[in-house]
Every structure is written in C-alpha cells, then in structure tokens.
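The data block below is query17.pdb; it holds PDB, C-alpha atoms.
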```
ATOM      1  CA  MET O   1       0.000   0.000   0.000
ATOM      2  CA  SER O   2       1.689   3.220  -1.135
ATOM      3  CA  ALA O   3       2.318   5.972   1.405
ATOM      4  CA  MET O   4       0.835   9.346   0.441
ATOM      5  CA  ALA O   5       0.766  12.478   2.557
ATOM      6  CA  ARG O   6      -2.132  14.791   3.379
ATOM      7  CA  PRO O   7      -1.760  18.588   3.266
ATOM      8  CA  ASP O   8      -1.170  18.542   7.043
ATOM      9  CA  GLY O   9       1.757  16.135   6.568
ATOM     10  CA  ASP O  10       0.079  13.000   7.953
ATOM     11  CA  ARG O  11       0.119   9.835   5.888
ATOM     12  CA  VAL O  12      -2.979   8.812   3.964
ATOM     13  CA  PHE O  13      -4.214   5.362   4.929
ATOM     14  CA  PRO O  14      -6.948   3.167   3.462
ATOM     15  CA  PRO O  15     -10.350   3.718   5.156
ATOM     16  CA  ILE O  16      -9.713   1.038   7.787
ATOM     17  CA  ALA O  17     -11.315   2.913  10.702
ATOM     18  CA  TRP O  18     -14.375   3.714   8.570
ATOM     19  CA  LEU O  19     -14.774   0.048   7.643
ATOM     20  CA  THR O  20     -14.417  -1.215  11.207
ATOM     21  CA  THR O  21     -16.853   1.452  12.433
ATOM     22  CA  ALA O  22     -19.327   0.487   9.692
ATOM     23  CA  SER O  23     -18.917  -3.128  10.784
ATOM     24  CA  LEU O  24     -19.679  -2.056  14.369
ATOM     25  CA  ALA O  25     -22.730  -0.088  13.181
ATOM     26  CA  SER O  26     -23.987  -3.169  11.349
ATOM     27  CA  VAL O  27     -23.844  -5.388  14.448
ATOM     28  CA  VAL O  28     -25.332  -2.603  16.609
ATOM     29  CA  VAL O  29     -28.362  -2.466  14.276
ATOM     30  CA  GLY O  30     -28.530  -6.278  14.349
ATOM     31  CA  GLY O  31     -28.280  -6.281  18.137
ATOM     32  CA  ILE O  32     -31.089  -3.723  18.456
ATOM     33  CA  LEU O  33     -33.211  -5.874  16.129
ATOM     34  CA  MET O  34     -32.586  -9.002  18.218
ATOM     35  CA  ALA O  35     -33.140  -7.199  21.544
ATOM     36  CA  SER O  36     -36.322  -5.487  20.348
ATOM     37  CA  TYR O  37     -37.942  -8.865  19.695
ATOM     38  CA  ALA O  38     -36.983 -10.397  23.052
ATOM     39  CA  PRO O  39     -38.521 -12.584  24.450
ATOM     40  CA  ARG O  40     -39.981 -13.503  21.036
ATOM     41  CA  LYS O  41     -37.828 -14.899  18.253
ATOM     42  CA  ALA O  42     -36.393 -12.169  16.030
ATOM     43  CA  PRO O  43     -36.437 -12.517  12.216
ATOM     44  CA  LEU O  44     -33.097 -14.242  11.796
ATOM     45  CA  GLY O  45     -32.792 -13.519   8.065
ATOM     46  CA  VAL O  46     -32.269  -9.770   8.548
ATOM     47  CA  ALA O  47     -30.006 -10.324  11.560
ATOM     48  CA  THR O  48     -27.918 -12.843   9.610
ATOM     49  CA  ALA O  49     -27.636 -10.447   6.649
ATOM     50  CA  LEU O  50     -26.383  -7.696   8.990
ATOM     51  CA  LEU O  51     -23.922 -10.116  10.562
ATOM     52  CA  VAL O  52     -22.595 -11.193   7.154
ATOM     53  CA  LEU O  53     -22.244  -7.530   6.145
ATOM     54  CA  ALA O  54     -20.291  -6.844   9.353
ATOM     55  CA  VAL O  55     -17.995  -9.833   8.731
ATOM     56  CA  ILE O  56     -17.346  -8.677   5.136
ATOM     57  CA  LEU O  57     -16.548  -5.099   6.228
ATOM     58  CA  LEU O  58     -14.240  -6.273   9.013
ATOM     59  CA  SER O  59     -12.507  -8.729   6.662
ATOM     60  CA  ILE O  60     -11.907  -5.986   4.080
ATOM     61  CA  ALA O  61     -10.490  -3.771   6.864
ATOM     62  CA  ALA O  62      -8.207  -6.598   8.017
ATOM     63  CA  GLY O  63      -7.092  -7.251   4.442
ATOM     64  CA  LEU O  64      -6.290  -3.581   3.833
ATOM     65  CA  LEU O  65      -4.495  -3.328   7.156
ATOM     66  CA  SER O  66      -2.310  -6.336   6.415
ATOM     67  CA  HIS O  67      -1.075  -4.627   3.224
ATOM     68  CA  VAL O  68      -0.087  -1.331   4.870
ATOM     69  CA  LYS O  69       3.666  -0.788   4.670
ATOM     70  CA  ASP O  70       5.816   0.916   7.321
ATOM     71  CA  PHE O  71       3.086   0.633   9.920
ATOM     72  CA  ALA O  72       3.671   0.868  13.699
ATOM     73  CA  TRP O  73       2.694  -2.749  14.350
ATOM     74  CA  SER O  74       4.170  -2.798  17.858
ATOM     75  CA  THR O  75       1.970   0.157  18.894
ATOM     76  CA  PHE O  76      -1.031  -1.397  17.143
ATOM     77  CA  THR O  77      -0.537  -4.731  18.946
ATOM     78  CA  LYS O  78       0.015  -3.059  22.335
ATOM     79  CA  VAL O  79      -3.189  -1.003  22.111
ATOM     80  CA  PHE O  80      -5.195  -3.782  20.450
ATOM     81  CA  LYS O  81      -4.540  -6.410  23.110
ATOM     82  CA  TRP O  82      -5.518  -4.155  26.035
ATOM     83  CA  ALA O  83      -8.582  -2.808  24.252
ATOM     84  CA  LEU O  84      -9.519  -6.372  23.293
ATOM     85  CA  LEU O  85      -9.390  -7.399  26.947
ATOM     86  CA  ALA O  86     -11.707  -4.522  27.918
ATOM     87  CA  TYR O  87     -14.203  -5.251  25.130
ATOM     88  CA  ILE O  88     -14.198  -9.001  25.807
ATOM     89  CA  VAL O  89     -15.449  -8.157  29.321
ATOM     90  CA  GLU O  90     -18.126  -5.869  27.863
ATOM     91  CA  ALA O  91     -19.181  -8.460  25.266
ATOM     92  CA  ALA O  92     -19.286 -11.161  27.948
ATOM     93  CA  MET O  93     -21.664  -8.988  29.988
ATOM     94  CA  ILE O  94     -24.054  -8.609  27.048
ATOM     95  CA  GLU O  95     -23.825 -12.344  26.236
ATOM     96  CA  PHE O  96     -24.561 -13.160  29.876
ATOM     97  CA  ALA O  97     -27.667 -10.938  29.816
ATOM     98  CA  PHE O  98     -28.995 -12.748  26.727
ATOM     99  CA  VAL O  99     -28.201 -16.226  28.127
ATOM    100  CA  ARG O 100     -29.803 -15.274  31.452
ATOM    101  CA  ASN O 101     -32.951 -14.390  29.509
ATOM    102  CA  HIS O 102     -33.129 -17.845  27.942
ATOM    103  CA  THR O 103     -31.925 -16.855  24.485
ATOM    104  CA  SER O 104     -30.815 -20.092  22.818
ATOM    105  CA  GLY O 105     -30.278 -21.916  19.550
ATOM    106  CA  SER O 106     -29.682 -19.977  16.344
ATOM    107  CA  SER O 107     -30.607 -16.642  17.995
ATOM    108  CA  LEU O 108     -27.851 -17.098  20.575
ATOM    109  CA  LEU O 109     -25.429 -18.172  17.863
ATOM    110  CA  ILE O 110     -26.076 -14.987  15.860
ATOM    111  CA  ILE O 111     -25.832 -12.786  18.955
ATOM    112  CA  SER O 112     -22.558 -14.465  19.963
ATOM    113  CA  ALA O 113     -21.119 -13.926  16.477
ATOM    114  CA  MET O 114     -22.243 -10.266  16.585
ATOM    115  CA  LEU O 115     -20.527  -9.863  19.942
ATOM    116  CA  VAL O 116     -17.316 -11.317  18.506
ATOM    117  CA  ILE O 117     -17.480  -8.682  15.743
ATOM    118  CA  PHE O 118     -18.155  -5.992  18.388
ATOM    119  CA  GLY O 119     -15.249  -7.241  20.515
ATOM    120  CA  VAL O 120     -12.829  -7.164  17.582
ATOM    121  CA  SER O 121     -13.983  -4.096  15.609
ATOM    122  CA  VAL O 122     -13.746  -1.552  18.450
ATOM    123  CA  PRO O 123     -10.179  -2.504  19.512
ATOM    124  CA  THR O 124      -9.153  -2.509  15.824
ATOM    125  CA  THR O 125     -10.525   1.030  15.366
ATOM    126  CA  ILE O 126      -8.800   2.291  18.518
ATOM    127  CA  ALA O 127      -5.473   0.539  17.805
ATOM    128  CA  PHE O 128      -5.417   1.642  14.152
ATOM    129  CA  THR O 129      -6.213   5.284  15.057
ATOM    130  CA  VAL O 130      -3.331   5.307  17.542
ATOM    131  CA  ALA O 131      -0.834   3.383  15.386
ATOM    132  CA  ARG O 132      -1.398   5.463  12.247
ATOM    133  CA  TYR O 133       0.178   8.450  14.008
ATOM    134  CA  ALA O 134       2.949   6.420  15.695
ATOM    135  CA  ASP O 135       6.470   6.024  14.338
ATOM    136  CA  ALA O 136       6.897   2.718  12.508
TER     137      ALA O 136
ATOM    138  CA  MET V   1      34.229  25.333  17.401
ATOM    139  CA  ALA V   2      32.162  22.298  18.041
ATOM    140  CA  GLU V   3      33.459  22.191  21.600
ATOM    141  CA  VAL V   4      32.477  25.836  22.142
ATOM    142  CA  LEU V   5      28.983  25.174  20.808
ATOM    143  CA  ASP V   6      28.598  22.093  22.974
ATOM    144  CA  THR V   7      29.624  24.035  26.088
ATOM    145  CA  ALA V   8      27.272  26.880  25.240
ATOM    146  CA  ASP V   9      24.465  24.375  24.719
ATOM    147  CA  PHE V  10      25.280  22.751  28.054
ATOM    148  CA  ASP V  11      24.995  26.098  29.868
ATOM    149  CA  GLN V  12      21.489  26.795  28.538
ATOM    150  CA  PRO V  13      18.715  26.125  31.087
ATOM    151  CA  ARG V  14      16.742  23.143  29.804
ATOM    152  CA  PRO V  15      13.013  22.821  30.318
ATOM    153  CA  PRO V  16      12.092  20.146  32.858
ATOM    154  CA  PRO V  17      11.247  16.794  31.223
ATOM    155  CA  ARG V  18       7.530  16.374  30.600
ATOM    156  CA  PRO V  19       5.939  13.756  32.854
ATOM    157  CA  GLN V  20       4.594  10.741  30.948
ATOM    158  CA  ILE V  21       0.818  10.451  30.888
ATOM    159  CA  GLN V  22      -0.573   7.245  32.319
ATOM    160  CA  ILE V  23      -3.041   6.418  29.543
ATOM    161  CA  VAL V  24      -5.135   4.077  31.673
ATOM    162  CA  PRO V  25      -5.106   5.233  35.320
ATOM    163  CA  LEU V  26      -4.469   1.948  37.105
ATOM    164  CA  LYS V  27      -5.785   3.297  40.427
ATOM    165  CA  GLY V  28      -9.264   3.478  38.882
ATOM    166  CA  LEU V  29      -9.293  -0.109  37.596
ATOM    167  CA  PRO V  30     -10.330  -1.810  40.883
ATOM    168  CA  ILE V  31     -13.395   0.474  41.069
ATOM    169  CA  ALA V  32     -14.310  -0.394  37.475
ATOM    170  CA  VAL V  33     -13.829  -4.119  38.170
ATOM    171  CA  LEU V  34     -16.047  -3.885  41.274
ATOM    172  CA  ALA V  35     -18.754  -2.104  39.281
ATOM    173  CA  VAL V  36     -18.667  -4.787  36.565
ATOM    174  CA  ILE V  37     -18.817  -7.584  39.157
ATOM    175  CA  PHE V  38     -21.783  -5.794  40.762
ATOM    176  CA  VAL V  39     -23.665  -5.809  37.442
ATOM    177  CA  PHE V  40     -22.811  -9.483  36.789
ATOM    178  CA  VAL V  41     -24.211 -10.389  40.224
ATOM    179  CA  ALA V  42     -27.276  -8.186  39.638
ATOM    180  CA  ILE V  43     -28.058  -9.934  36.351
ATOM    181  CA  GLY V  44     -27.219 -13.380  37.753
ATOM    182  CA  THR V  45     -29.435 -13.026  40.812
ATOM    183  CA  ASN V  46     -32.069 -10.903  39.058
ATOM    184  CA  TRP V  47     -32.359  -8.868  42.275
ATOM    185  CA  LYS V  48     -34.501  -5.880  41.385
ATOM    186  CA  TRP V  49     -32.795  -3.451  43.776
ATOM    187  CA  MET V  50     -29.318  -4.288  42.460
ATOM    188  CA  LEU V  51     -30.501  -3.953  38.879
ATOM    189  CA  MET V  52     -32.218  -0.622  39.586
ATOM    190  CA  PHE V  53     -29.171   0.647  41.488
ATOM    191  CA  SER V  54     -26.862  -0.232  38.564
ATOM    192  CA  HIS V  55     -29.217   1.292  36.024
ATOM    193  CA  VAL V  56     -29.982   4.503  37.901
ATOM    194  CA  VAL V  57     -26.397   5.145  39.068
ATOM    195  CA  GLY V  58     -24.830   4.163  35.734
ATOM    196  CA  GLY V  59     -27.462   5.937  33.640
ATOM    197  CA  GLY V  60     -27.443   9.084  35.783
ATOM    198  CA  LEU V  61     -23.664   9.345  35.564
ATOM    199  CA  TRP V  62     -23.586   8.521  31.839
ATOM    200  CA  THR V  63     -26.234  11.091  30.953
ATOM    201  CA  GLY V  64     -24.850  13.718  33.326
ATOM    202  CA  ILE V  65     -21.234  13.305  32.220
ATOM    203  CA  ASP V  66     -22.174  13.296  28.511
ATOM    204  CA  LEU V  67     -24.276  16.441  28.894
ATOM    205  CA  PHE V  68     -21.653  18.208  30.985
ATOM    206  CA  VAL V  69     -18.720  17.246  28.773
ATOM    207  CA  GLY V  70     -20.590  17.824  25.519
ATOM    208  CA  LEU V  71     -22.319  21.082  26.346
ATOM    209  CA  VAL V  72     -20.099  22.676  29.028
ATOM    210  CA  ILE V  73     -16.532  21.278  28.986
ATOM    211  CA  GLY V  74     -16.395  20.823  25.192
ATOM    212  CA  PRO V  75     -17.162  24.438  24.225
ATOM    213  CA  ILE V  76     -14.775  25.727  26.942
ATOM    214  CA  LEU V  77     -12.068  23.374  25.680
ATOM    215  CA  GLY V  78     -12.636  24.572  22.131
ATOM    216  CA  LYS V  79     -11.833  28.162  23.155
ATOM    217  CA  MET V  80      -8.649  27.284  25.085
ATOM    218  CA  SER V  81      -5.140  27.534  23.636
ATOM    219  CA  ILE V  82      -3.572  24.295  22.372
ATOM    220  CA  PRO V  83      -1.111  24.019  25.347
ATOM    221  CA  ALA V  84      -3.943  24.631  27.833
ATOM    222  CA  ARG V  85      -6.124  22.068  26.061
ATOM    223  CA  ALA V  86      -3.265  19.593  26.109
ATOM    224  CA  GLU V  87      -2.657  20.067  29.820
ATOM    225  CA  PHE V  88      -6.339  19.694  30.668
ATOM    226  CA  SER V  89      -6.740  16.659  28.402
ATOM    227  CA  ALA V  90      -3.683  14.925  29.862
ATOM    228  CA  LYS V  91      -5.489  14.791  33.209
ATOM    229  CA  PHE V  92      -9.084  14.515  32.019
ATOM    230  CA  MET V  93      -9.019  11.966  29.200
ATOM    231  CA  PRO V  94      -7.367   9.055  31.060
ATOM    232  CA  MET V  95     -10.121   9.280  33.658
ATOM    233  CA  MET V  96     -12.777   9.223  30.942
ATOM    234  CA  LEU V  97     -11.212   6.017  29.576
ATOM    235  CA  ILE V  98     -12.072   4.264  32.838
ATOM    236  CA  ILE V  99     -15.324   6.003  33.772
ATOM    237  CA  MET V 100     -17.289   5.928  30.517
ATOM    238  CA  PRO V 101     -17.076   2.227  29.535
ATOM    239  CA  THR V 102     -17.870   1.325  33.162
ATOM    240  CA  VAL V 103     -20.994   3.469  33.457
ATOM    241  CA  VAL V 104     -22.178   2.397  29.980
ATOM    242  CA  THR V 105     -21.767  -1.292  30.905
ATOM    243  CA  MET V 106     -23.610  -0.739  34.199
ATOM    244  CA  THR V 107     -26.491   1.038  32.474
ATOM    245  CA  LEU V 108     -27.019  -1.226  29.483
ATOM    246  CA  GLY V 109     -26.466  -4.578  31.207
ATOM    247  CA  SER V 110     -28.945  -3.818  33.987
ATOM    248  CA  GLY V 111     -31.334  -1.866  31.725
ATOM    249  CA  PHE V 112     -31.993  -4.804  29.429
ATOM    250  CA  GLN V 113     -32.644  -7.058  32.428
ATOM    251  CA  ILE V 114     -35.038  -4.538  34.042
ATOM    252  CA  ALA V 115     -36.912  -4.123  30.764
ATOM    253  CA  ARG V 116     -37.352  -7.909  30.560
ATOM    254  CA  GLN V 117     -38.348  -8.171  34.224
ATOM    255  CA  LEU V 118     -40.965  -5.393  34.009
ATOM    256  CA  GLY V 119     -42.321  -6.654  30.686
ATOM    257  CA  ASN V 120     -41.457  -3.409  28.912
ATOM    258  CA  LEU V 121     -40.022  -5.303  25.942
ATOM    259  CA  ASN V 122     -43.337  -7.049  25.251
ATOM    260  CA  THR V 123     -45.052  -5.582  22.195
ATOM    261  CA  SER V 124     -48.239  -5.143  24.252
ATOM    262  CA  SER V 125     -46.420  -2.826  26.686
ATOM    263  CA  PRO V 126     -47.003   0.915  26.165
ATOM    264  CA  ASN V 127     -43.283   1.342  26.789
ATOM    265  CA  HIS V 128     -42.191  -1.026  24.006
ATOM    266  CA  SER V 129     -41.862   1.615  21.289
ATOM    267  CA  TRP V 130     -40.119   4.019  23.702
ATOM    268  CA  LEU V 131     -37.576   1.335  24.552
ATOM    269  CA  ILE V 132     -36.899   0.604  20.890
ATOM    270  CA  PHE V 133     -36.426   4.344  20.349
ATOM    271  CA  SER V 134     -34.043   4.379  23.328
ATOM    272  CA  MET V 135     -32.055   1.452  21.877
ATOM    273  CA  CYS V 136     -31.727   3.356  18.589
ATOM    274  CA  VAL V 137     -30.468   6.480  20.406
ATOM    275  CA  VAL V 138     -27.990   4.368  22.394
ATOM    276  CA  GLY V 139     -26.960   2.588  19.180
ATOM    277  CA  VAL V 140     -26.097   5.867  17.438
ATOM    278  CA  MET V 141     -24.270   7.115  20.544
ATOM    279  CA  ALA V 142     -22.351   3.819  20.778
ATOM    280  CA  VAL V 143     -21.176   3.972  17.162
ATOM    281  CA  VAL V 144     -20.137   7.644  17.518
ATOM    282  CA  ALA V 145     -18.426   7.078  20.882
ATOM    283  CA  LEU V 146     -16.687   3.805  20.048
ATOM    284  CA  GLY V 147     -15.895   4.540  16.425
ATOM    285  CA  VAL V 148     -14.807   8.179  16.659
ATOM    286  CA  LEU V 149     -14.649   9.658  20.167
ATOM    287  CA  GLU V 150     -12.754   6.963  22.072
ATOM    288  CA  PRO V 151     -10.123   6.286  19.366
ATOM    289  CA  ALA V 152      -9.482  10.067  19.128
ATOM    290  CA  ASN V 153      -9.191  10.235  22.917
ATOM    291  CA  VAL V 154      -6.590   7.428  23.066
ATOM    292  CA  ALA V 155      -4.685   8.795  20.037
ATOM    293  CA  VAL V 156      -4.396  12.238  21.710
ATOM    294  CA  LEU V 157      -2.895  10.647  24.831
ATOM    295  CA  PHE V 158      -0.373   8.633  22.805
ATOM    296  CA  GLU V 159       0.555  11.752  20.804
ATOM    297  CA  MET V 160       1.119  13.712  24.017
ATOM    298  CA  ASN V 161       3.494  11.027  25.288
ATOM    299  CA  LYS V 162       5.799  11.432  22.290
ATOM    300  CA  PRO V 163       9.121  13.286  22.846
ATOM    301  CA  VAL V 164       7.940  15.962  20.374
ATOM    302  CA  PRO V 165       4.124  15.975  20.210
ATOM    303  CA  ASN V 166       2.498  17.299  17.040
ATOM    304  CA  GLY V 167       0.350  20.201  18.302
ATOM    305  CA  GLU V 168      -1.552  20.533  15.047
ATOM    306  CA  ARG V 169      -2.468  16.828  15.126
ATOM    307  CA  ILE V 170      -3.540  17.033  18.768
ATOM    308  CA  GLY V 171      -5.710  20.049  17.901
ATOM    309  CA  ARG V 172      -7.332  18.135  15.029
ATOM    310  CA  LEU V 173      -8.027  15.049  17.152
ATOM    311  CA  MET V 174      -9.306  17.214  20.011
ATOM    312  CA  LYS V 175     -11.706  18.928  17.624
ATOM    313  CA  ARG V 176     -13.074  15.511  16.718
ATOM    314  CA  PHE V 177     -13.450  14.750  20.421
ATOM    315  CA  ILE V 178     -15.231  18.056  21.114
ATOM    316  CA  TYR V 179     -17.728  17.698  18.233
ATOM    317  CA  THR V 180     -18.602  14.066  18.979
ATOM    318  CA  ALA V 181     -18.915  14.794  22.714
ATOM    319  CA  GLY V 182     -21.331  17.627  21.808
ATOM    320  CA  LEU V 183     -23.346  15.264  19.601
ATOM    321  CA  THR V 184     -23.637  12.543  22.240
ATOM    322  CA  GLY V 185     -24.434  15.210  24.845
ATOM    323  CA  ALA V 186     -27.312  16.498  22.707
ATOM    324  CA  MET V 187     -28.558  12.937  22.168
ATOM    325  CA  GLN V 188     -28.665  12.390  25.908
ATOM    326  CA  VAL V 189     -31.518  14.925  26.017
ATOM    327  CA  ALA V 190     -33.531  12.367  24.016
ATOM    328  CA  THR V 191     -32.570   9.690  26.558
ATOM    329  CA  LEU V 192     -33.873  11.891  29.392
ATOM    330  CA  VAL V 193     -37.214  12.373  27.581
ATOM    331  CA  ILE V 194     -37.529   8.640  26.815
ATOM    332  CA  MET V 195     -36.619   7.416  30.299
ATOM    333  CA  THR V 196     -38.953   9.836  32.064
ATOM    334  CA  ARG V 197     -41.755   8.761  29.684
ATOM    335  CA  VAL V 198     -41.045   5.072  30.404
ATOM    336  CA  ALA V 199     -41.023   5.679  34.161
ATOM    337  CA  THR V 200     -44.360   7.537  34.161
ATOM    338  CA  GLN V 201     -46.522   5.498  31.757
TER     339      GLN V 201
END
```
Using structure tokens, write down the structure from this file.
Amino acid sequence: MSAMARPDGDRVFPPIAWLTTASLASVVVGGILMASYAPRKAPLGVATALLVLAVILLSIAAGLLSHVKDFAWSTFTKVFKWALLAYIVEAAMIEFAFVRNHTSGSSLLIISAMLVIFGVSVPTTIAFTVARYADA
Amino acid sequence: MAEVLDTADFDQPRPPPRPQIQIVPLKGLPIAVLAVIFVFVAIGTNWKWMLMFSHVVGGGLWTGIDLFVGLVIGPILGKMSIPARAEFSAKFMPMMLIIMPTVVTMTLGSGFQIARQLGNLNTSSPNHSWLIFSMCVVGVMAVVALGVLEPANVAVLFEMNKPVPNGERIGRLMKRFIYTAGLTGAMQVATLVIMTRVATQ
C-alpha cells in the first residue's frame, strides 16, 4: 500500500477505521433488532444479513491493514490487546444478559457472532487510530 | 568550534522533562472491576434493587457526564489555547477512559434485564416503542463514541506522550473529540425524555 501524505503532513491510509466502524454499526443495528424482539424470536434472516455484512466489512479492513507498509505494528498490537481485553469483558456482559434471559439456539449463535465482531472491531478502530500516528 | 557550541548548549537552562501520561489510570481499575462484578451479580441473581441501582447510578452518571462534557466542557475546551487544552486533556481523558465504559456497561447490562423483568419489551407494553427508540439512540451514541470519540481520545494521549508531540495533530483530534462529545451530549436529552416517559406510563 503506497504511502501518500495529506496537506497537514500525515500519511494517507486506506479507510480502515471507517470500515471497522461500519462493521460495528452493522452489528449494533442487528443487536437492536434481536433485543427489540426479546422474548420472542427475532427474524433471523435480517439479523444474519447484517452479521454477514459486518464480517465482510471487518474482513476488508483486516485485508487492507495487512497490506499497509511501514506501519507501527508494535503500537497497534500493544493497544489492540488491552482494548480487546476490555471489550471481551463488555461483550461477555451482554452475552450473559442474553443467556440469562433464555436466548438459545440460532438466535444465541447470531448474537454471539455479533458480539465477537463488536469485541474485535472496536479494539481494531482504537489501535489503528493510535498506530497510524505512531512512528513505525 | 564544536566544543564551544557544545559548552554553550550545556549552559542553557533546559526545560524540565515532561511527565509521561498514564493512559489508563491503574488506580481506577479496581473500582471499574467492582462495578462490573456488581452488574454481573445483579443480572445473575435478578435482584430488582441491584438492577435498579446499577441502572440509575450508571445511567445518571452517563447522561450527566455526557451532557456536561458535551455542552459545558467541550465548548470551553474549544476556546482554550492548544497548550492549555493539552494540559487539561492529559489529566481529564485518562479518567474518561475508565469512567465511561464502566458506566455504559452498568447502564445497558442492567437496563436490558429490568426491561425484561418489568415486561417493557413485550409488544403489548405501552413502553415497548419508547424502549426501541431508546435502543436506537444508544446505538447511534455507541457507534459515535466507540468509532470516533474513544479512538481520538486514546490517540491524543499517545501523541502527548511522544518526545515531540504534534500540536496541530492534537488540535485536530481534540476537535473531533469536542464535536462528537457535543453530539452525544445532545442525544442524551432524548434519553432523558424517553426514560422519564417510560417511568411515568
């Protein structure tokens, strides 16, 4: 990935933070859909479509990120692992609330997958935003 | 000549080294851990008082802090000089990194459980549509806070810890923080309307 500079001197990066945030937005909409139907069964087709969209967006972000040259990977990893720890706790809390309310089967599977996306996309956004300004 | 220059340089009074910012204030972590354990126990036991306590304390702090930061601190910060902003942020932002995720977790975890317990999520409940509206407001706030505000907050702190921080970059990231804090602050007004409607129907 070629390094270009903005007028303010900062490097131009692919829209990784936008993609991870869009992925987060997709699972947030899916989560609201699932929660709004509780205790009834939510329409899984729409929720699955949102989940697939989130996975695609996050995968594109990961693909673009892996091709960035001269990137501060040590800073990215340092921030990512601590943020991941924090968001795993948050995701576990949400999962626990759904399990406690007898969510099961395919609904629970979709919610769990959405929480994995949530737990990965937020730390990626934070770590990328920090690392893009760090010295490689 | 080089020796003369070196000696002259040595005689110059040097500014004191800048203290490193602790990005995550470790002293605050035990309080955050206790709050999270409290919510886990509240959900696990389904004890109404514990759930209400978590929701009211977490929600009150979340709404209050968002309104205060977005509508009072943010505009003041925007009018301060870059060095003053930097000094304030170095002390303020690490605390926000601990406080905000904790109060959000307290509020949402217990709120969902209370809504289930009181039957407010049932479509027959008069509060159902208000709760869906509330989830949408929280959803927008979550995407703005987690996708824009928090990354900018952490990036500012890392930039400040560099030997030579880029003031222009800090100013740009701070601007992002100020605008998004203002947006979430304004959206909290909607939360206040929704929650008072839900409590009085």
**Report entry** Exercise answer, chain V residues close to chain O, 9 Å and all atoms listed in the file, as a count of residues only
**Finding:** 41
Query raised in the report: Looking at V:Leu192, V:Pro75, V:Ala115, V:Asn127, which one is nearest to Thr180 of chain V, with distances taken over only C-alpha atoms?
Result: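 Result for the nearest residue to Thr180 of chain V: V:Pro75.
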Requested in this report: Just say which residues the PyMOL selection byres ((chain V and resi 59-61) around 12) picks in this file, as a ChimeraX atom specification.
Outcome: /V:51-58,62-69,96,99-111,138,188,191-192,195
Could you write out that same residue set with C-alpha atoms as a compact mmCIF listing (two decimals), in the frame of the given file?
```txt
# COMPACT_ATOMS: atom_id res chain seq x y z
CA LEU V 51 -30.50 -3.95 38.88
CA MET V 52 -32.22 -0.62 39.59
CA PHE V 53 -29.17 0.65 41.49
CA SER V 54 -26.86 -0.23 38.56
CA HIS V 55 -29.22 1.29 36.02
CA VAL V 56 -29.98 4.50 37.90
CA VAL V 57 -26.40 5.14 39.07
CA GLY V 58 -24.83 4.16 35.73
CA TRP V 62 -23.59 8.52 31.84
CA THR V 63 -26.23 11.09 30.95
CA GLY V 64 -24.85 13.72 33.33
CA ILE V 65 -21.23 13.30 32.22
CA ASP V 66 -22.17 13.30 28.51
CA LEU V 67 -24.28 16.44 28.89
CA PHE V 68 -21.65 18.21 30.98
CA VAL V 69 -18.72 17.25 28.77
CA MET V 96 -12.78 9.22 30.94
CA ILE V 99 -15.32 6.00 33.77
CA MET V 100 -17.29 5.93 30.52
CA PRO V 101 -17.08 2.23 29.54
CA THR V 102 -17.87 1.32 33.16
CA VAL V 103 -20.99 3.47 33.46
CA VAL V 104 -22.18 2.40 29.98
CA THR V 105 -21.77 -1.29 30.90
CA MET V 106 -23.61 -0.74 34.20
CA THR V 107 -26.49 1.04 32.47
CA LEU V 108 -27.02 -1.23 29.48
CA GLY V 109 -26.47 -4.58 31.21
CA SER V 110 -28.94 -3.82 33.99
CA GLY V 111 -31.33 -1.87 31.72
CA VAL V 138 -27.99 4.37 22.39
CA GLN V 188 -28.66 12.39 25.91
CA THR V 191 -32.57 9.69 26.56
CA LEU V 192 -33.87 11.89 29.39
CA MET V 195 -36.62 7.42 30.30
```
Query - Atomic distance atom CA of Met50 of chain V - atom CA of Leu118 of chain V, expressed in Å with one decimal - result: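 Computed distance, atom CA of Met50 of chain V to atom CA of Leu118 of chain V, equals 14.4 Å.
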Could you write out as lines of an AutoDock Vina configuration file the box around segment 40-51 of chain O (axis-aligned, all atoms listed in the file, 6 Å on each side), with centre and edge lengths in Å to one decimal?
```
center_x = -32.0
center_y = -11.3
center_z = 13.8
size_x = 28.1
size_y = 19.2
size_z = 26.4
```
**Report entry** Between atom CA of Ser106 of chain O and atom CA of Trp47 of chain V - distance in Å to one decimal
**Finding:**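 Between atom CA of Trp47 of chain V and atom CA of Ser106 of chain O the gap is 28.3 Å.
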Query raised in the report: What is the distance, in Å and to one decimal place, between atom CA of Ile117 of chain O and atom CA of Ala49 of chain O?
Result: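 Atom CA of Ala49 of chain O lies at a distance of 13.7 Å from atom CA of Ile117 of chain O.
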Query raised in the report: What's the 8 Å shell around segment 62-65 of chain O, counting all atoms listed in the file, without same-chain residues fewer than 4 positions away, as a PyMOL selection string?
Result: chain O and resi 14+16+58
